[in-house]
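K.L.:
Before anything else, here's the structure in question.
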Amino acid sequence: MTDATRSDSRRGGGSEIDPADVDLRVALGDKLALRNPIVTGSGTFASGQEVDRFFDVRRLGAVVVKSVTVEPRRGLPTPRMAETAAGMLNAIGLQNPGIDAWLAHDLPWLNSHRVPTIVSIAGNTTAEYRHLAERLRDAPGVVAIEANISCPNVDDRDIVFACREEATHEAITQVARVSSVPVFAKLTPDVTDISLIAGAAHEAGATGVSVINTLLGMAIDTETRRPKLAAITGGLSGPAIKPIAVRAVHQIHEAHPQLPIIGMGGVRSVEDVVELVLAGASAVAVGTATFTNPLAALEILEGLPSWLAEHGYATLRQLRGAWRR
Amino acid sequence: MSSIVSRGSSTTVQGRGEGPLRARCEVLAYRKLGGYHSLTFVAPEMAERAQPGQFVAVAVEAREATLRRPFSIYSVSQHGPWAGTVEIIFDVVGPGTRWLATRSKHHVVDLVGPLGKPFPLPAQPVSCLLVGGGYGAAPLLYLAQALAQQSLRVDMLLGAATQERIFNAIEAKRLSASAQFTTEDGSLGVEGVVTDVMPRMIEAAGTGVIYACGPMAMLAAVSAAAKELDVPCQVAVEEEMACGTGVCWTCVLPYRRKDGVVNLRACTDGPVFNGARVAWSAVGTSAMANAEDGRGRGRRGGRAEPAP
Ligand SMILES: Cc1cc2nc3c(=O)[nH]c(=O)nc-3n(C[C@H](O)[C@H](O)[C@H](O)COP(=O)(O)OP(=O)(O)OC[C@H]3O[C@@H](n4cnc5c(N)ncnc54)[C@H](O)[C@@H]3O)c2cc1C
Ligand SMILES: Cc1cc2nc3c(=O)[nH]c(=O)nc-3n(C[C@H](O)[C@H](O)[C@H](O)COP(=O)(O)O)c2cc1C
Ligand code: FES
């Protein structure tokens with residue numbers, strides 16, 4: 001990778017770039033421009049307030065908030081997490097205060113701190129996705145909606161929306177139809193061909209896709225013979241899943257070169273960001289790394305300009321999909 | 001800018017305002033304390049902000065571990081040649097704590113803290129009973145100092161499976177008007193569990209508030225006994241924590257409010273809670289598993305500490 005980028009940089013005319021001159025701005029379609037490509041993984045950053053104690057979260061490209069549902073959700077019993085090799089399993093059960101309380105309590109804080117906000121929404125039915133998009137119409141400071149469609153569809157035997165092209169199409173159509181801001185479909189990698197699902201989302205009006213959500217996993221305590229999670233199974237995240245994220249972004253970018261992609265999965269360094277961008281991501285979310293280091297997203301953001309300058313690039317965008325055969 | 005460089009050491013401290021910080025801290029000392037281990041870190045800014053009941057989240061470099069490990073703050077010193085230190089007490093139970101036990105003077109460890117809400121100090125001049133199980137005694141000894149500074153009466157009741165698992169009995173005696181111990185095998189103090197002794201101590205000391213820290217099953221029993229005797233009880237709980245900073249919702253504890261039971265975050269809404277309000281029967285299965293079948297190591301309930 002380093003060799004490839006180095007020779008690229010020679011082509012780009014030497015490495016006389018000052019990190020201060022590096023342009024980190026990225027566009028995700030025509031209607032969404034972020035000041036930099038670093039955003040947060042939904043569910044790993046709450047709604048920004050907690051991490052703001054460590055750094056000014058306004059510095060990020062955007063904050064993607066924890067998925068919000070129509071009704072408040074109490075979530076699943078504990079244990080809700082289990083550490084695994086280079087990663088973790090979680091089964092939170094989308095605990096959140098519901099859209100009304102979220103709009104009343106969380107959005108005002110984000111607004112008062114002028115944080116570009118991407119609201120993640122999650123539903124049990126297509127109608128719920130539509131309802132959530134309606135409630136978010138013209139909500140201040142909301143620059144995009146991320147429809148977390150890695151959720152079971154109760155109207156279709158609990159089959160996860162993003163596991164089927166038709167269900168993806170239906171849910172995203174409803175959201176895109178009423179939304180006043182760009183819509184991103186958050187996809188699960190637990191499918192046979194993720195580029196088909198991305199295509200269905202795009203056709204239904206999604207501006208882009210966010211990949212990847214966690215992979216379904218399970219861990220058993222050999223002493224007690226009990227599952228380590230109360231919910232038995234849960235989502236795998238962290239460094240362990242990064243190669244899957246790179247693969248998923250790559251497959252989608254190959255099939256749909258114009259489709260904006262917010263890439264994520266195991267990102268914890270500047271090089272991880274560059275790797276996902278090379279595979280085809282336009283922006284990159286930091287997720288589980290924030291648990292390990294509450295300042296992870298900021299440190300990655302601060303490290304990007306010098307990495308790019310050292311390698312002779314004036315922007316990150318020019319690296320999008322620029323992996324070499 | 002979000003980073004400030006601390007005085008004296010080469011440590012970088014990151015944080016803003018009065019909240020928690022992240023810092024790479026030099027180890028000042030590693031000690032064995034009875035059956036437990038102790039690490040003292042040079043952490044002046046954390047020492048300045050810390051209050052009893054709060055914890056630090058420690059990055060461990062154990063193989064393939066990605067998450068921090070939470071530990072109660074046992075003591076802080078704000079003075080002396082090191083300008084401020086934070087000490088934790090721990091039991092070796094897995095790869096993270098095993099790695100920690102190999103740290104020694106001059107090693108550098110990455111800490112985040114102080115995290116969580118501290119024990120609320122009494123508004124009235126009441127007599128305080130501190131009930132600890134195993135290493136749960138550590139934050140209580142820190143609390144005892146703060147209570148003593150307010151000239152409040154402190155009584156200590158510590159329980160464990162064996163004498164070896166009672167943390168710092170000497171310090172408990174030194175900091176209290178009276179101290180009692182229970183062990184399951186009778187190797188120290190009364191043979192039994194803390195709730196066997198608690199009612200008598202409350203009566204003798206005229207206890208006005210109980211502070212407890214220990215295995216979840218013990219906290220449930222102490223809370224129930226306190227409720228029966230109509231004494232307010234603050235408990236410091238343990239739940240598995242992925243982030244420790246309030247962003248992931250893995251660490252929740254079912255808690256009774258006017259509008260029903262809600263899942264509160266042990267790391268930011270706690271770890272200190274009103275014991276009478278915790279919905280103990282709904283607390284996660286494995287936290288209490290030890291009491292049930294005694295087989296699993298489980299969480300802190302799985303230690304060799306009493307689970308009445
Ligand atoms: C607020 C709080 C304060 C604590 N204070 C102390 C203390 O003062 N002294 C002490 O010895 N221990 C304390 N613990 C427990 C301590 O965090 C665990 O013993 C430690 O994380 C075990 O790590 P490990 O890698 O050695 O064990 P493993 O069992 O291999 O850890 C695997 C995973 O489970 C988690 N885990 C394991 N045991 C516990 C537990 N009892 N509670 C929460 N998470 C657990 C780990 O953090 C890790 O993510 C505290 C826990 C909490 C939540
Ligand atoms: C504790 C936890 C909670 C999560 N909650 C959500 C959620 O509510 N909505 C969602 O779309 N993704 C959720 N995710 C998935 C992340 O946003 C992200 O897609 C995934 O964790 C992969 O990135 P990472 O490896 O960097 O964490 C959650 C992940 C974790 C670890
Ligand atoms: S441990 Fe993440 S919210 Fe408490």
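Labels for the structure tokens follow display order: chains A, B, ..., residues from 1 in each chain, ligands from 1.
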So which residues touch range 241-257 of chain B within 8 Å, counting only C-alpha atoms, skipping near sequence neighbours fewer than 4 positions away, as a ChimeraX atom specification?

P.N.:
/A:43-46,50-51,78-81,90-92,95,290-292,294 /B:57,67-70,115-116,261-268,277-280,282-283

K.L.:
Next, write the just-selected residues to a file, as a PDB file, in the first residue's frame, keeping C-alpha atoms as the atom set.

P.N.:
```pdb
ATOM      1  CA  GLY A  43     -24.572   3.710  18.505  1.00  0.00           C
ATOM      2  CA  THR A  44     -20.946   4.309  19.396  1.00  0.00           C
ATOM      3  CA  PHE A  45     -21.146   8.042  20.076  1.00  0.00           C
ATOM      4  CA  ALA A  46     -24.619   8.488  21.641  1.00  0.00           C
ATOM      5  CA  GLU A  50     -20.628  12.505  26.406  1.00  0.00           C
ATOM      6  CA  VAL A  51     -17.629  12.687  24.082  1.00  0.00           C
ATOM      7  CA  THR A  78     -27.431  -7.535  30.410  1.00  0.00           C
ATOM      8  CA  PRO A  79     -24.867  -8.825  29.657  1.00  0.00           C
ATOM      9  CA  ARG A  80     -25.072  -6.761  26.515  1.00  0.00           C
ATOM     10  CA  MET A  81     -21.467  -7.169  25.460  1.00  0.00           C
ATOM     11  CA  ASN A  90     -22.982  -6.264  21.420  1.00  0.00           C
ATOM     12  CA  ALA A  91     -26.695  -6.757  21.862  1.00  0.00           C
ATOM     13  CA  ILE A  92     -28.115  -3.472  23.105  1.00  0.00           C
ATOM     14  CA  GLN A  95     -32.222   1.337  23.650  1.00  0.00           C
ATOM     15  CA  THR A 290     -14.206   5.422  20.516  1.00  0.00           C
ATOM     16  CA  PHE A 291     -14.767   2.886  23.320  1.00  0.00           C
ATOM     17  CA  THR A 292     -11.057   2.165  23.482  1.00  0.00           C
ATOM     18  CA  PRO A 294     -12.755   8.526  23.580  1.00  0.00           C
TER      19      PRO A 294
ATOM     20  CA  ALA B  57     -10.811   2.928  32.713  1.00  0.00           C
ATOM     21  CA  LEU B  67     -11.599  -2.635  25.555  1.00  0.00           C
ATOM     22  CA  ARG B  68     -10.525  -0.772  28.665  1.00  0.00           C
ATOM     23  CA  ARG B  69     -10.919  -2.298  32.111  1.00  0.00           C
ATOM     24  CA  PRO B  70     -12.747  -0.283  34.797  1.00  0.00           C
ATOM     25  CA  LEU B 115     -15.480   8.482  35.429  1.00  0.00           C
ATOM     26  CA  GLY B 116     -18.955   8.082  36.885  1.00  0.00           C
ATOM     27  CA  VAL B 261     -38.282   0.669  35.395  1.00  0.00           C
ATOM     28  CA  VAL B 262     -35.634   2.293  33.189  1.00  0.00           C
ATOM     29  CA  ASN B 263     -32.216   1.014  32.159  1.00  0.00           C
ATOM     30  CA  LEU B 264     -29.633   3.496  33.438  1.00  0.00           C
ATOM     31  CA  ARG B 265     -25.975   3.490  32.464  1.00  0.00           C
ATOM     32  CA  ALA B 266     -23.788   2.255  35.313  1.00  0.00           C
ATOM     33  CA  CYS B 267     -20.833   4.203  33.913  1.00  0.00           C
ATOM     34  CA  THR B 268     -22.358   7.680  33.743  1.00  0.00           C
ATOM     35  CA  ARG B 277     -34.513   1.796  43.660  1.00  0.00           C
ATOM     36  CA  VAL B 278     -32.453  -0.783  41.809  1.00  0.00           C
ATOM     37  CA  ALA B 279     -34.759  -3.421  40.320  1.00  0.00           C
ATOM     38  CA  TRP B 280     -32.552  -6.246  41.590  1.00  0.00           C
ATOM     39  CA  ALA B 282     -34.292  -7.676  36.733  1.00  0.00           C
ATOM     40  CA  VAL B 283     -30.492  -7.330  36.951  1.00  0.00           C
TER      41      VAL B 283
END
```

K.L.:
So which residues of range 232-309 of chain A fall under helix (DSSP H, G or I) by DSSP, listed as a ChimeraX atom specification?

P.N.:
/A:239-255,270-279,289-292,296-309

K.L.:
May I ask which of the residues A:Ile118, A:Leu76, A:Val175, A:Val284 is the closest one to chain B, counting only C-alpha atoms?

P.N.:
A:Leu76

K.L.:
May I have the residues within 12 Å of Glu134 in chain A as a compact mmCIF listing (two decimals) with C-alpha atoms, in the first residue's frame, using only C-alpha atoms and disregarding those fewer than 4 positions away in the same chain?

P.N.:
```
# COMPACT_ATOMS: atom_id res chain seq x y z
CA VAL A 70 -40.77 5.70 17.00
CA ILE A 99 -38.10 10.16 18.43
CA ASP A 100 -40.22 12.66 20.39
CA ILE A 121 -33.51 5.91 12.31
CA ALA A 127 -44.51 2.58 8.01
CA GLU A 128 -42.31 3.29 11.02
CA TYR A 129 -39.41 4.34 8.80
CA ARG A 130 -41.76 6.69 7.00
CA ASP A 138 -37.10 20.24 8.47
CA ALA A 139 -35.54 19.39 11.84
CA ILE A 145 -30.83 10.66 7.58
CA GLN A 174 -40.76 5.62 2.12
CA VAL A 175 -37.93 7.51 3.79
CA ALA A 176 -36.61 9.16 0.62
CA ARG A 177 -40.10 10.22 -0.43
CA VAL A 178 -40.72 12.33 2.66
CA SER A 179 -37.20 13.32 3.69
CA SER A 180 -36.00 16.86 3.08
CA VAL A 181 -32.34 15.80 3.41
```

K.L.:
Could you pull the residues within 9 Å of Arg49 in chain B, counting only C-alpha atoms, minus those fewer than 6 positions along the same chain, as a list in words?

P.N.:
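The neighbour list is Glu18, Gly19, Pro20, Gly113 and Pro114 of chain B.
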
K.L.:
Determine which residues of range 29-72 of chain A receive a DSSP assignment of strand (DSSP E or B), computed from the backbone, and state them as a PyMOL selection string.

P.N.:
chain A and resi 33-34+38-40+63-64+68

K.L.:
Would you output that residue set with all heavy atoms, as a PDB file, in the first residue's frame?

P.N.:
```
ATOM      1  N   ALA A  33     -22.269  18.237   1.737  1.00  0.00           N
ATOM      2  CA  ALA A  33     -20.827  18.487   1.775  1.00  0.00           C
ATOM      3  C   ALA A  33     -20.406  18.492   3.234  1.00  0.00           C
ATOM      4  O   ALA A  33     -21.044  19.135   4.064  1.00  0.00           O
ATOM      5  CB  ALA A  33     -20.515  19.821   1.127  1.00  0.00           C
ATOM      6  N   LEU A  34     -19.366  17.741   3.556  1.00  0.00           N
ATOM      7  CA  LEU A  34     -18.856  17.714   4.928  1.00  0.00           C
ATOM      8  C   LEU A  34     -17.496  18.404   4.955  1.00  0.00           C
ATOM      9  O   LEU A  34     -16.723  18.288   4.010  1.00  0.00           O
ATOM     10  CB  LEU A  34     -18.709  16.275   5.427  1.00  0.00           C
ATOM     11  CG  LEU A  34     -19.970  15.404   5.423  1.00  0.00           C
ATOM     12  CD1 LEU A  34     -19.641  14.010   5.959  1.00  0.00           C
ATOM     13  CD2 LEU A  34     -21.079  16.038   6.259  1.00  0.00           C
ATOM     14  N   ILE A  38     -14.434  12.580   8.540  1.00  0.00           N
ATOM     15  CA  ILE A  38     -14.530  11.734   9.732  1.00  0.00           C
ATOM     16  C   ILE A  38     -15.864  11.947  10.443  1.00  0.00           C
ATOM     17  O   ILE A  38     -16.160  13.046  10.936  1.00  0.00           O
ATOM     18  CB  ILE A  38     -13.352  11.987  10.694  1.00  0.00           C
ATOM     19  CG1 ILE A  38     -12.014  11.782   9.973  1.00  0.00           C
ATOM     20  CG2 ILE A  38     -13.450  11.067  11.915  1.00  0.00           C
ATOM     21  CD1 ILE A  38     -11.816  10.384   9.373  1.00  0.00           C
ATOM     22  N   VAL A  39     -16.659  10.878  10.483  1.00  0.00           N
ATOM     23  CA  VAL A  39     -17.940  10.915  11.175  1.00  0.00           C
ATOM     24  C   VAL A  39     -17.938   9.812  12.232  1.00  0.00           C
ATOM     25  O   VAL A  39     -16.904   9.179  12.467  1.00  0.00           O
ATOM     26  CB  VAL A  39     -19.126  10.780  10.188  1.00  0.00           C
ATOM     27  CG1 VAL A  39     -19.070  11.874   9.125  1.00  0.00           C
ATOM     28  CG2 VAL A  39     -19.151   9.402   9.528  1.00  0.00           C
ATOM     29  N   THR A  40     -19.075   9.604  12.887  1.00  0.00           N
ATOM     30  CA  THR A  40     -19.117   8.617  13.965  1.00  0.00           C
ATOM     31  C   THR A  40     -20.036   7.457  13.575  1.00  0.00           C
ATOM     32  O   THR A  40     -20.966   7.639  12.791  1.00  0.00           O
ATOM     33  CB  THR A  40     -19.637   9.259  15.262  1.00  0.00           C
ATOM     34  OG1 THR A  40     -20.977   9.735  15.031  1.00  0.00           O
ATOM     35  CG2 THR A  40     -18.769  10.432  15.676  1.00  0.00           C
ATOM     36  N   VAL A  63     -21.790  14.208  13.246  1.00  0.00           N
ATOM     37  CA  VAL A  63     -22.044  13.194  14.264  1.00  0.00           C
ATOM     38  C   VAL A  63     -23.243  12.372  13.793  1.00  0.00           C
ATOM     39  O   VAL A  63     -24.307  12.919  13.504  1.00  0.00           O
ATOM     40  CB  VAL A  63     -22.320  13.837  15.646  1.00  0.00           C
ATOM     41  CG1 VAL A  63     -22.946  12.819  16.599  1.00  0.00           C
ATOM     42  CG2 VAL A  63     -21.027  14.382  16.241  1.00  0.00           C
ATOM     43  N   VAL A  64     -23.028  11.068  13.656  1.00  0.00           N
ATOM     44  CA  VAL A  64     -24.139  10.166  13.353  1.00  0.00           C
ATOM     45  C   VAL A  64     -24.629   9.649  14.703  1.00  0.00           C
ATOM     46  O   VAL A  64     -23.867   9.018  15.443  1.00  0.00           O
ATOM     47  CB  VAL A  64     -23.697   8.993  12.459  1.00  0.00           C
ATOM     48  CG1 VAL A  64     -24.888   8.110  12.118  1.00  0.00           C
ATOM     49  CG2 VAL A  64     -23.021   9.508  11.191  1.00  0.00           C
ATOM     50  N   VAL A  68     -32.622   6.022  16.387  1.00  0.00           N
ATOM     51  CA  VAL A  68     -33.822   6.449  17.099  1.00  0.00           C
ATOM     52  C   VAL A  68     -35.013   5.686  16.513  1.00  0.00           C
ATOM     53  O   VAL A  68     -35.089   5.473  15.299  1.00  0.00           O
ATOM     54  CB  VAL A  68     -34.058   7.963  16.932  1.00  0.00           C
ATOM     55  CG1 VAL A  68     -35.147   8.444  17.880  1.00  0.00           C
ATOM     56  CG2 VAL A  68     -32.788   8.746  17.167  1.00  0.00           C
TER      57      VAL A  68
END
```
